[in-house]
Amino acid sequence: MANIKRFISFLLLGFAGCFSTQTIAHGLEPIFISVITMENNQYRVELKLPDEYKEENSPYFLLPEDCINTQFNPLISTLNCQESLLGKTLDIRFDYYVPQISTLVNYYDQQGNNELVDITTKQSWTVPVKVDNSNLNLRYLIVGFEHILGGFDHVLFIICLLMIVKSRKKLIQAITGFTIAHSITLFIVSIGVISPAIEPIEIIVAMSVLLLSYEIINKKEGLTAHYPVTVSFFCGLLHGVGFSSVLSEVNTVNLVELSSILFFNLGVELGQLLIVISWLFINFITNRFNFDQKEIYKARVFSIYLTGGLAMYWVLDRFFLWFEARSIHLFV
């Protein structure tokens with residue numbers, strides 16, 4: 001009966017999450033504007049928007065009068081200009097509001113050289129005459145760092161793992177296993193060795209958070225407590241595929257260098273390290289000072305039920321989005 005009550009509580013919190021605007025799994029992901037130089041002063045523009053972002057507020061360039069914008073769909077267009085845009089400054093506009101997230105322009109010249117520019121505070125972009133990729137690795141590091149901190153499903157998985165594994169030795173092994181595993185899949189997917197379907201894996205990633213939160217609230221040693229390294233390694237393989245999907249959004253034309261993958265992964269590791277250090281610091285503060293243990297316990301229980309509810313919401317939301325996309329091909 002107690003297990004049924006816990007499951008119903010997860011359901012109720014999951015439905016509550018459906019009505020919340022703050023349950024986006026990757027709320028800090030940036031907006032990517034990819035500009036690919038083609039022949040005869042033509043440019044292909046592709047947008048990559050975060051989940052739940054409204055297409056109606058998509059960014060666009062204010063173009064010179066000699067440029068014609070041909071829209072294929074809300075996210076892809078082609079610019080045909082009489083003169084080259086090299087060296088020209090283009091203003092960037094949003095129809096409804098300027099979003100409080102990063103906006104990055106990912107530019108490719110005709111030779112495939114890449115430059116990643118953060119235009120969040122400028123709202124304008126100068127088309128480079130010569131690509132400067134001296135800070136490209138730093139940009140990839142920042143994107144990886146922001147992704148894991150903005151990917152609440154990844155953050156909650158790590159925190160749940162920290163709450164389940166009590167042994168310091170096993171915890172280090174579990175975090176190491178998770179790191180190695182997601183690094184493996186991030187690399188092999190990014191270089192094109194395998195091309196897994198992202199949607200079902202994102203569903204399983206959300207289920208991994210649900211599994212861990214249930215183990216915590218159940219108070220009995222479950223699969224993760226008995227085999228922390230195995231569970232963290234397996235889940236790390238899945239989370240790595242999710243990381244690679246973000247890297248593929250940056251590399252629009254599938255020209256990715258090994259250094260870019262390494263620095264993106266390094267950014268992910270730094271974000272992961274920050275999560276672990278923050279959790280250990282919070283534990284140190286609560287143990288060092290005389291806090292009311294009953295209140296801490298209540299806060300802990302509430303946070304776990306909330307985590308389980310959010311995870312269930314993500315599972316259902318991602319499943320219906322995936323099913324809807326599959327249905328379009330089946331019935332249209």
# chains A, B, ... in the order shown; residues from 1 in each chain; ligands from 1
call {"tool": "residues_around", "arguments": {"residues": "stretch 164-180 of chain A", "least_positions_apart": "5", "cutoff": "6 Å", "atoms": "only C-alpha atoms", "output": "number ranges by chain"}}
result
A: 225, 228-229, 232-233, 236
call {"tool": "residues_around", "arguments": {"residues": "A:Leu238", "least_positions_apart": "2", "cutoff": "8 Å", "atoms": "only C-alpha atoms", "output": "PyMOL selection string"}}
result
chain A and resi 182+185+201-202+204-205+234-236+240-242
call {"tool": "select_by_dssp", "arguments": {"residues": "stretch 55-193 of chain A", "states": "strand (DSSP E or B)", "output": "PDB file with N, CA, C and O atoms, in the first residue's frame"}}
result
ATOM      1  N   TYR A  60      15.679  36.782 -36.447  1.00  0.00           N
ATOM      2  CA  TYR A  60      15.902  36.948 -37.881  1.00  0.00           C
ATOM      3  C   TYR A  60      16.801  38.157 -38.114  1.00  0.00           C
ATOM      4  O   TYR A  60      16.916  39.051 -37.258  1.00  0.00           O
ATOM      5  N   PHE A  61      17.457  38.173 -39.287  1.00  0.00           N
ATOM      6  CA  PHE A  61      18.353  39.264 -39.649  1.00  0.00           C
ATOM      7  C   PHE A  61      17.588  40.380 -40.354  1.00  0.00           C
ATOM      8  O   PHE A  61      16.668  40.115 -41.136  1.00  0.00           O
ATOM      9  N   LEU A  62      17.983  41.620 -40.088  1.00  0.00           N
ATOM     10  CA  LEU A  62      17.544  42.746 -40.905  1.00  0.00           C
ATOM     11  C   LEU A  62      18.519  42.849 -42.073  1.00  0.00           C
ATOM     12  O   LEU A  62      19.683  43.215 -41.903  1.00  0.00           O
ATOM     13  N   CYS A  67      19.124  41.933 -50.829  1.00  0.00           N
ATOM     14  CA  CYS A  67      19.036  40.525 -50.434  1.00  0.00           C
ATOM     15  C   CYS A  67      17.576  40.064 -50.435  1.00  0.00           C
ATOM     16  O   CYS A  67      16.682  40.783 -49.976  1.00  0.00           O
ATOM     17  N   ILE A  68      17.353  38.874 -50.948  1.00  0.00           N
ATOM     18  CA  ILE A  68      16.024  38.260 -50.962  1.00  0.00           C
ATOM     19  C   ILE A  68      16.053  37.036 -50.053  1.00  0.00           C
ATOM     20  O   ILE A  68      16.914  36.164 -50.192  1.00  0.00           O
ATOM     21  N   ASN A  69      15.111  36.994 -49.123  1.00  0.00           N
ATOM     22  CA  ASN A  69      15.036  35.890 -48.167  1.00  0.00           C
ATOM     23  C   ASN A  69      13.970  34.889 -48.623  1.00  0.00           C
ATOM     24  O   ASN A  69      12.790  35.214 -48.709  1.00  0.00           O
ATOM     25  N   THR A  70      14.400  33.666 -48.931  1.00  0.00           N
ATOM     26  CA  THR A  70      13.472  32.607 -49.326  1.00  0.00           C
ATOM     27  C   THR A  70      13.298  31.648 -48.158  1.00  0.00           C
ATOM     28  O   THR A  70      14.257  30.980 -47.745  1.00  0.00           O
ATOM     29  N   GLN A  71      12.080  31.588 -47.609  1.00  0.00           N
ATOM     30  CA  GLN A  71      11.802  30.786 -46.418  1.00  0.00           C
ATOM     31  C   GLN A  71      11.295  29.398 -46.819  1.00  0.00           C
ATOM     32  O   GLN A  71      10.268  29.267 -47.475  1.00  0.00           O
ATOM     33  N   PHE A  72      12.030  28.344 -46.418  1.00  0.00           N
ATOM     34  CA  PHE A  72      11.584  26.975 -46.681  1.00  0.00           C
ATOM     35  C   PHE A  72      10.619  26.501 -45.595  1.00  0.00           C
ATOM     36  O   PHE A  72       9.636  25.824 -45.862  1.00  0.00           O
ATOM     37  N   ASN A  73      10.927  26.833 -44.354  1.00  0.00           N
ATOM     38  CA  ASN A  73      10.065  26.562 -43.198  1.00  0.00           C
ATOM     39  C   ASN A  73      10.479  27.553 -42.119  1.00  0.00           C
ATOM     40  O   ASN A  73      11.415  28.334 -42.327  1.00  0.00           O
ATOM     41  N   ILE A  76      14.423  27.247 -41.534  1.00  0.00           N
ATOM     42  CA  ILE A  76      15.426  27.184 -42.603  1.00  0.00           C
ATOM     43  C   ILE A  76      15.067  28.185 -43.695  1.00  0.00           C
ATOM     44  O   ILE A  76      13.922  28.238 -44.146  1.00  0.00           O
ATOM     45  N   SER A  77      16.055  28.963 -44.118  1.00  0.00           N
ATOM     46  CA  SER A  77      15.842  29.919 -45.206  1.00  0.00           C
ATOM     47  C   SER A  77      17.135  30.096 -45.992  1.00  0.00           C
ATOM     48  O   SER A  77      18.219  29.707 -45.533  1.00  0.00           O
ATOM     49  N   THR A  78      17.004  30.692 -47.166  1.00  0.00           N
ATOM     50  CA  THR A  78      18.162  30.981 -48.015  1.00  0.00           C
ATOM     51  C   THR A  78      18.175  32.462 -48.367  1.00  0.00           C
ATOM     52  O   THR A  78      17.145  33.033 -48.721  1.00  0.00           O
ATOM     53  N   LEU A  79      19.353  33.076 -48.265  1.00  0.00           N
ATOM     54  CA  LEU A  79      19.519  34.483 -48.615  1.00  0.00           C
ATOM     55  C   LEU A  79      20.213  34.569 -49.968  1.00  0.00           C
ATOM     56  O   LEU A  79      21.276  33.979 -50.167  1.00  0.00           O
ATOM     57  N   ASN A  80      19.608  35.302 -50.884  1.00  0.00           N
ATOM     58  CA  ASN A  80      20.210  35.559 -52.198  1.00  0.00           C
ATOM     59  C   ASN A  80      20.513  37.049 -52.292  1.00  0.00           C
ATOM     60  O   ASN A  80      19.592  37.871 -52.324  1.00  0.00           O
ATOM     61  N   CYS A  81      21.796  37.381 -52.333  1.00  0.00           N
ATOM     62  CA  CYS A  81      22.210  38.791 -52.323  1.00  0.00           C
ATOM     63  C   CYS A  81      22.974  39.130 -53.602  1.00  0.00           C
ATOM     64  O   CYS A  81      23.698  38.285 -54.147  1.00  0.00           O
ATOM     65  N   THR A  89      27.493  44.492 -41.140  1.00  0.00           N
ATOM     66  CA  THR A  89      26.875  44.246 -39.843  1.00  0.00           C
ATOM     67  C   THR A  89      25.370  44.088 -40.011  1.00  0.00           C
ATOM     68  O   THR A  89      24.708  44.955 -40.594  1.00  0.00           O
ATOM     69  N   LEU A  90      24.848  42.981 -39.520  1.00  0.00           N
ATOM     70  CA  LEU A  90      23.428  42.675 -39.630  1.00  0.00           C
ATOM     71  C   LEU A  90      22.790  42.731 -38.245  1.00  0.00           C
ATOM     72  O   LEU A  90      23.271  42.084 -37.303  1.00  0.00           O
ATOM     73  N   ASP A  91      21.736  43.534 -38.106  1.00  0.00           N
ATOM     74  CA  ASP A  91      20.988  43.567 -36.851  1.00  0.00           C
ATOM     75  C   ASP A  91      20.113  42.319 -36.741  1.00  0.00           C
ATOM     76  O   ASP A  91      19.625  41.797 -37.746  1.00  0.00           O
ATOM     77  N   ILE A  92      19.916  41.859 -35.522  1.00  0.00           N
ATOM     78  CA  ILE A  92      19.099  40.665 -35.252  1.00  0.00           C
ATOM     79  C   ILE A  92      17.901  41.084 -34.416  1.00  0.00           C
ATOM     80  O   ILE A  92      18.038  41.808 -33.429  1.00  0.00           O
ATOM     81  N   ARG A  93      16.716  40.643 -34.823  1.00  0.00           N
ATOM     82  CA  ARG A  93      15.484  41.070 -34.160  1.00  0.00           C
ATOM     83  C   ARG A  93      14.659  39.864 -33.712  1.00  0.00           C
ATOM     84  O   ARG A  93      14.724  38.774 -34.295  1.00  0.00           O
ATOM     85  N   THR A 103      22.324  33.660 -27.281  1.00  0.00           N
ATOM     86  CA  THR A 103      22.093  33.547 -28.718  1.00  0.00           C
ATOM     87  C   THR A 103      23.455  33.482 -29.406  1.00  0.00           C
ATOM     88  O   THR A 103      24.267  34.394 -29.252  1.00  0.00           O
ATOM     89  N   LEU A 104      23.701  32.396 -30.129  1.00  0.00           N
ATOM     90  CA  LEU A 104      24.996  32.176 -30.764  1.00  0.00           C
ATOM     91  C   LEU A 104      24.837  32.100 -32.276  1.00  0.00           C
ATOM     92  O   LEU A 104      23.904  31.466 -32.776  1.00  0.00           O
ATOM     93  N   VAL A 105      25.747  32.763 -32.995  1.00  0.00           N
ATOM     94  CA  VAL A 105      25.803  32.656 -34.450  1.00  0.00           C
ATOM     95  C   VAL A 105      26.936  31.710 -34.805  1.00  0.00           C
ATOM     96  O   VAL A 105      28.085  31.899 -34.388  1.00  0.00           O
ATOM     97  N   ASN A 106      26.601  30.683 -35.561  1.00  0.00           N
ATOM     98  CA  ASN A 106      27.577  29.673 -35.978  1.00  0.00           C
ATOM     99  C   ASN A 106      27.810  29.851 -37.481  1.00  0.00           C
ATOM    100  O   ASN A 106      26.975  29.463 -38.296  1.00  0.00           O
ATOM    101  N   TYR A 107      28.938  30.455 -37.844  1.00  0.00           N
ATOM    102  CA  TYR A 107      29.197  30.844 -39.239  1.00  0.00           C
ATOM    103  C   TYR A 107      30.193  29.898 -39.900  1.00  0.00           C
ATOM    104  O   TYR A 107      31.206  29.509 -39.314  1.00  0.00           O
ATOM    105  N   TYR A 108      29.882  29.531 -41.153  1.00  0.00           N
ATOM    106  CA  TYR A 108      30.781  28.726 -41.977  1.00  0.00           C
ATOM    107  C   TYR A 108      31.064  29.473 -43.278  1.00  0.00           C
ATOM    108  O   TYR A 108      30.136  29.936 -43.944  1.00  0.00           O
ATOM    109  N   ASN A 114      34.965  27.417 -39.498  1.00  0.00           N
ATOM    110  CA  ASN A 114      33.860  27.675 -38.577  1.00  0.00           C
ATOM    111  C   ASN A 114      34.219  28.737 -37.550  1.00  0.00           C
ATOM    112  O   ASN A 114      35.332  28.755 -37.039  1.00  0.00           O
ATOM    113  N   GLU A 115      33.265  29.633 -37.258  1.00  0.00           N
ATOM    114  CA  GLU A 115      33.431  30.621 -36.196  1.00  0.00           C
ATOM    115  C   GLU A 115      32.141  30.694 -35.390  1.00  0.00           C
ATOM    116  O   GLU A 115      31.054  30.852 -35.946  1.00  0.00           O
ATOM    117  N   LEU A 116      32.250  30.542 -34.075  1.00  0.00           N
ATOM    118  CA  LEU A 116      31.093  30.575 -33.186  1.00  0.00           C
ATOM    119  C   LEU A 116      31.138  31.877 -32.389  1.00  0.00           C
ATOM    120  O   LEU A 116      32.095  32.136 -31.665  1.00  0.00           O
ATOM    121  N   VAL A 117      30.090  32.702 -32.512  1.00  0.00           N
ATOM    122  CA  VAL A 117      30.081  34.038 -31.918  1.00  0.00           C
ATOM    123  C   VAL A 117      28.870  34.200 -31.009  1.00  0.00           C
ATOM    124  O   VAL A 117      27.746  33.867 -31.399  1.00  0.00           O
ATOM    125  N   ASP A 118      29.090  34.706 -29.813  1.00  0.00           N
ATOM    126  CA  ASP A 118      28.004  34.996 -28.869  1.00  0.00           C
ATOM    127  C   ASP A 118      27.536  36.428 -29.096  1.00  0.00           C
ATOM    128  O   ASP A 118      28.288  37.385 -28.897  1.00  0.00           O
ATOM    129  N   SER A 124      23.439  42.065 -32.714  1.00  0.00           N
ATOM    130  CA  SER A 124      23.891  42.318 -34.086  1.00  0.00           C
ATOM    131  C   SER A 124      25.100  41.432 -34.343  1.00  0.00           C
ATOM    132  O   SER A 124      25.736  40.933 -33.406  1.00  0.00           O
ATOM    133  N   TRP A 125      25.410  41.264 -35.626  1.00  0.00           N
ATOM    134  CA  TRP A 125      26.527  40.377 -35.984  1.00  0.00           C
ATOM    135  C   TRP A 125      27.170  40.874 -37.257  1.00  0.00           C
ATOM    136  O   TRP A 125      26.488  41.208 -38.228  1.00  0.00           O
ATOM    137  N   THR A 126      28.508  40.944 -37.231  1.00  0.00           N
ATOM    138  CA  THR A 126      29.269  41.342 -38.404  1.00  0.00           C
ATOM    139  C   THR A 126      29.793  40.096 -39.105  1.00  0.00           C
ATOM    140  O   THR A 126      30.515  39.289 -38.499  1.00  0.00           O
ATOM    141  N   GLY A 151      20.605  21.445 -18.300  1.00  0.00           N
ATOM    142  CA  GLY A 151      19.897  20.175 -18.482  1.00  0.00           C
ATOM    143  C   GLY A 151      19.506  19.620 -17.126  1.00  0.00           C
ATOM    144  O   GLY A 151      20.253  18.860 -16.513  1.00  0.00           O
TER     145      GLY A 151
END
call {"tool": "atom_distance", "arguments": {"atom1": "atom CA of A:Tyr297", "atom2": "atom CA of A:Asn218"}}
result
14.3 Å
call {"tool": "atom_distance", "arguments": {"atom1": "atom CA of A:Pro128", "atom2": "atom CA of A:Leu85"}}
result
8.8 Å
call {"tool": "residues_around", "arguments": {"residues": "A:Leu210", "least_positions_apart": "4", "cutoff": "9 Å", "atoms": "only C-alpha atoms", "output": "list in words"}}
result
Phe157, Val205, Ala206, Tyr214, Glu215, Thr307, Gly308, Gly309, Leu310, Ala311, Met312 and Val315 of chain A
call {"tool": "closest_residue", "arguments": {"among": "A:Val209, A:Leu273, A:Pro200, A:Phe243", "to": "A:Trp322", "atoms": "only C-alpha atoms"}}
result
A:Pro200
call {"tool": "residues_around", "arguments": {"residues": "A:Glu83", "least_positions_apart": "6", "cutoff": "10 Å", "atoms": "only C-alpha atoms", "output": "JSON, numbers by chain"}}
result
{"A": [40, 41, 42, 64, 66, 67]}
call {"tool": "closest_residue", "arguments": {"among": "A:Phe302, A:Tyr96, A:Phe263, A:Trp314", "to": "A:Arg139", "atoms": "only C-alpha atoms"}}
result
A:Phe263
call {"tool": "closest_residue", "arguments": {"among": "A:Ala299, A:Val246, A:Met163, A:Leu149", "to": "A:Ile275", "atoms": "only C-alpha atoms"}}
result
A:Leu149
call {"tool": "closest_residue", "arguments": {"among": "A:Gly144, A:Pro196, A:Gly87, A:Pro99", "to": "A:Pro59", "atoms": "only C-alpha atoms"}}
result
A:Pro99
call {"tool": "closest_residue", "arguments": {"among": "A:Leu138, A:Val45, A:Ile31, A:Cys160", "to": "A:Ile101", "atoms": "only C-alpha atoms"}}
result
A:Ile31
call {"tool": "atom_distance", "arguments": {"atom1": "atom CA of A:Glu46", "atom2": "atom CA of A:Phe32"}}
result
8.1 Å
call {"tool": "decode", "arguments": {"residues": "stretch 75-87 of chain A", "atoms": "N, CA, C and O atoms", "output": "PDB file, in the first residue's frame"}}
result
ATOM      1  N   LEU A  75      12.333  27.442 -39.726  1.00  0.00           N
ATOM      2  CA  LEU A  75      13.690  27.303 -39.199  1.00  0.00           C
ATOM      3  C   LEU A  75      14.783  27.320 -40.262  1.00  0.00           C
ATOM      4  O   LEU A  75      15.959  27.406 -39.930  1.00  0.00           O
ATOM      5  N   ILE A  76      14.423  27.247 -41.534  1.00  0.00           N
ATOM      6  CA  ILE A  76      15.426  27.184 -42.603  1.00  0.00           C
ATOM      7  C   ILE A  76      15.067  28.185 -43.695  1.00  0.00           C
ATOM      8  O   ILE A  76      13.922  28.238 -44.146  1.00  0.00           O
ATOM      9  N   SER A  77      16.055  28.963 -44.118  1.00  0.00           N
ATOM     10  CA  SER A  77      15.842  29.919 -45.206  1.00  0.00           C
ATOM     11  C   SER A  77      17.135  30.096 -45.992  1.00  0.00           C
ATOM     12  O   SER A  77      18.219  29.707 -45.533  1.00  0.00           O
ATOM     13  N   THR A  78      17.004  30.692 -47.166  1.00  0.00           N
ATOM     14  CA  THR A  78      18.162  30.981 -48.015  1.00  0.00           C
ATOM     15  C   THR A  78      18.175  32.462 -48.367  1.00  0.00           C
ATOM     16  O   THR A  78      17.145  33.033 -48.721  1.00  0.00           O
ATOM     17  N   LEU A  79      19.353  33.076 -48.265  1.00  0.00           N
ATOM     18  CA  LEU A  79      19.519  34.483 -48.615  1.00  0.00           C
ATOM     19  C   LEU A  79      20.213  34.569 -49.968  1.00  0.00           C
ATOM     20  O   LEU A  79      21.276  33.979 -50.167  1.00  0.00           O
ATOM     21  N   ASN A  80      19.608  35.302 -50.884  1.00  0.00           N
ATOM     22  CA  ASN A  80      20.210  35.559 -52.198  1.00  0.00           C
ATOM     23  C   ASN A  80      20.513  37.049 -52.292  1.00  0.00           C
ATOM     24  O   ASN A  80      19.592  37.871 -52.324  1.00  0.00           O
ATOM     25  N   CYS A  81      21.796  37.381 -52.333  1.00  0.00           N
ATOM     26  CA  CYS A  81      22.210  38.791 -52.323  1.00  0.00           C
ATOM     27  C   CYS A  81      22.974  39.130 -53.602  1.00  0.00           C
ATOM     28  O   CYS A  81      23.698  38.285 -54.147  1.00  0.00           O
ATOM     29  N   GLN A  82      22.814  40.369 -54.055  1.00  0.00           N
ATOM     30  CA  GLN A  82      23.554  40.823 -55.227  1.00  0.00           C
ATOM     31  C   GLN A  82      25.018  41.067 -54.894  1.00  0.00           C
ATOM     32  O   GLN A  82      25.896  40.871 -55.727  1.00  0.00           O
ATOM     33  N   GLU A  83      25.270  41.521 -53.655  1.00  0.00           N
ATOM     34  CA  GLU A  83      26.637  41.751 -53.200  1.00  0.00           C
ATOM     35  C   GLU A  83      26.943  40.852 -52.010  1.00  0.00           C
ATOM     36  O   GLU A  83      26.040  40.428 -51.285  1.00  0.00           O
ATOM     37  N   SER A  84      28.211  40.595 -51.794  1.00  0.00           N
ATOM     38  CA  SER A  84      28.629  39.758 -50.679  1.00  0.00           C
ATOM     39  C   SER A  84      28.304  40.435 -49.351  1.00  0.00           C
ATOM     40  O   SER A  84      28.355  41.667 -49.223  1.00  0.00           O
ATOM     41  N   LEU A  85      27.987  39.640 -48.347  1.00  0.00           N
ATOM     42  CA  LEU A  85      27.708  40.164 -47.006  1.00  0.00           C
ATOM     43  C   LEU A  85      28.962  40.255 -46.149  1.00  0.00           C
ATOM     44  O   LEU A  85      28.887  40.719 -45.008  1.00  0.00           O
ATOM     45  N   LEU A  86      30.093  39.841 -46.679  1.00  0.00           N
ATOM     46  CA  LEU A  86      31.324  39.862 -45.907  1.00  0.00           C
ATOM     47  C   LEU A  86      31.638  41.277 -45.416  1.00  0.00           C
ATOM     48  O   LEU A  86      31.634  42.238 -46.190  1.00  0.00           O
ATOM     49  N   GLY A  87      31.899  41.400 -44.119  1.00  0.00           N
ATOM     50  CA  GLY A  87      32.235  42.688 -43.534  1.00  0.00           C
ATOM     51  C   GLY A  87      31.031  43.543 -43.148  1.00  0.00           C
ATOM     52  O   GLY A  87      31.211  44.586 -42.516  1.00  0.00           O
TER      53      GLY A  87
END
